[in-house]
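S.K.: Sending over a structure as structure tokens; questions will come in a sec.
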Amino acid sequence: MQFKKICLLLFLSISCFGCKQEEKQPFEIQVIPIPKHIQKSNGYFILNSKTIVEFPEEFEVAGKFLEDLLSKLSINTNSGTSNRIVFLLNSEMTNEEAYHLEIKKKLITISAKTRQAAFYGVQTIRQLLP
């Protein structure tokens, strides 16, 4: 009888401690290559049928690639507000492959010095899509 009580107590102890609720991990941004710096903020940018892509002539290849990518996505066409993705030429950047990506509620900006860097910015946006 004593053995049954010990087994029952052991079983209940394992059951209680074995049911520990797993802690939820915060969403980690995973893009390749790993960015030098990431600053997270609240909110998100919603792609919709009214999303406009603006780019200077220097970034035409990256801009057209992004437009083509967005045209192939199944996006919400009922959204009533327009938003923009804007490429900016930043000749002051020291690294030829560096870009700065800023995502706000109604605006995404990709600042880059070269065509290659602008294209890398598009690839990062592509990786962030669900």
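As shown in the structure tokens, the chain order sets the letters A, B, ...; within each chain, residues go from 1, and ligands are also counted from 1 in the order they appear.
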Please provide as a list of chain:residue names all residues within 8 Å of stretch 90-92 of chain A, with the sequence filter that same-chain residues fewer than 6 positions apart are discarded (counting only C-alpha atoms).

M.R.: A:Ser111, A:Ala112, A:Lys113

S.K.: Got a sec: who's within 9 Å of stretch 38-45 of chain A, counting only C-alpha atoms, leaving out chain neighbours fewer than 3 positions off, as a PDB file with N, CA and C atoms, in the first residue's frame?

M.R.:
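Saved result, result28.pdb, follows:
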ATOM      1  N   ILE A  29      13.793  38.945 -36.194  1.00  0.00           N
ATOM      2  CA  ILE A  29      13.938  39.204 -37.616  1.00  0.00           C
ATOM      3  C   ILE A  29      15.113  38.389 -38.116  1.00  0.00           C
ATOM      4  N   PRO A  35      21.868  41.977 -40.702  1.00  0.00           N
ATOM      5  CA  PRO A  35      22.094  43.426 -40.690  1.00  0.00           C
ATOM      6  C   PRO A  35      23.063  43.852 -39.594  1.00  0.00           C
ATOM      7  N   ASN A  83      -0.042  53.898 -49.680  1.00  0.00           N
ATOM      8  CA  ASN A  83       1.221  53.985 -48.976  1.00  0.00           C
ATOM      9  C   ASN A  83       2.331  53.884 -50.021  1.00  0.00           C
ATOM     10  N   ILE A 103      11.059  51.286 -42.057  1.00  0.00           N
ATOM     11  CA  ILE A 103       9.673  50.885 -42.286  1.00  0.00           C
ATOM     12  C   ILE A 103       8.783  51.596 -41.285  1.00  0.00           C
ATOM     13  N   LYS A 104       7.872  52.393 -41.805  1.00  0.00           N
ATOM     14  CA  LYS A 104       6.875  53.094 -40.989  1.00  0.00           C
ATOM     15  C   LYS A 104       5.497  52.649 -41.446  1.00  0.00           C
ATOM     16  N   LYS A 105       4.469  53.177 -40.798  1.00  0.00           N
ATOM     17  CA  LYS A 105       3.094  52.746 -41.080  1.00  0.00           C
ATOM     18  C   LYS A 105       2.690  52.979 -42.538  1.00  0.00           C
ATOM     19  N   LYS A 106       3.055  54.111 -43.122  1.00  0.00           N
ATOM     20  CA  LYS A 106       2.639  54.458 -44.481  1.00  0.00           C
ATOM     21  C   LYS A 106       3.795  54.591 -45.462  1.00  0.00           C
ATOM     22  N   LEU A 107       5.037  54.367 -44.986  1.00  0.00           N
ATOM     23  CA  LEU A 107       6.187  54.631 -45.841  1.00  0.00           C
ATOM     24  C   LEU A 107       7.345  53.692 -45.532  1.00  0.00           C
ATOM     25  N   ILE A 108       7.900  53.112 -46.595  1.00  0.00           N
ATOM     26  CA  ILE A 108       9.153  52.374 -46.499  1.00  0.00           C
ATOM     27  C   ILE A 108      10.168  53.147 -47.319  1.00  0.00           C
TER      28      ILE A 108
END

S.K.: Using only C-alpha atoms, pick whichever of A:Phe65, A:Thr51, A:Val86, A:Phe59 has the shortest atom-to-atom distance to A:Ala117.

M.R.: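 Nearest candidate to A:Ala117 out of A:Phe65, A:Thr51, A:Val86, A:Phe59: A:Phe59.
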
S.K.: Return the single residue from A:Tyr120, A:Asn48, A:Arg126, A:Phe87 that is closest to A:Glu60, with distances computed using only C-alpha atoms.

M.R.: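 Under the stated criterion, the closest residue is A:Phe87.
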
S.K.: Excluding A:Lys64 and residues on its chain fewer than 6 positions from it, collect all residues at most 10 Å away from it, counting only C-alpha atoms, and give them as a ChimeraX atom specification.

M.R.: /A:53-55,70

S.K.: Could you save the residues just selected, with C-alpha atoms, as a PDB file, in the first residue's frame?

M.R.:
ATOM      1  CA  VAL A  53       6.932  52.332 -55.601  1.00  0.00           C
ATOM      2  CA  GLU A  54       9.001  55.452 -56.310  1.00  0.00           C
ATOM      3  CA  PHE A  55      12.609  55.354 -57.465  1.00  0.00           C
ATOM      4  CA  LEU A  70       4.427  43.144 -55.527  1.00  0.00           C
TER       5      LEU A  70
END

S.K.: Could you check how far atom CA of A:Lys72 sits from atom CA of A:Glu58, in Å to one decimal?

M.R.: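 Pair atom CA of A:Lys72 / atom CA of A:Glu58 returns 23.8 Å.
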
S.K.: With only C-alpha atoms as the atoms that count, which of A:Glu102, A:Thr94, A:Ser49, A:Leu89 lies nearest to A:Leu73?

M.R.: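 Checking each of A:Glu102, A:Thr94, A:Ser49, A:Leu89 against A:Leu73, counting only C-alpha atoms, the winner is A:Ser49.
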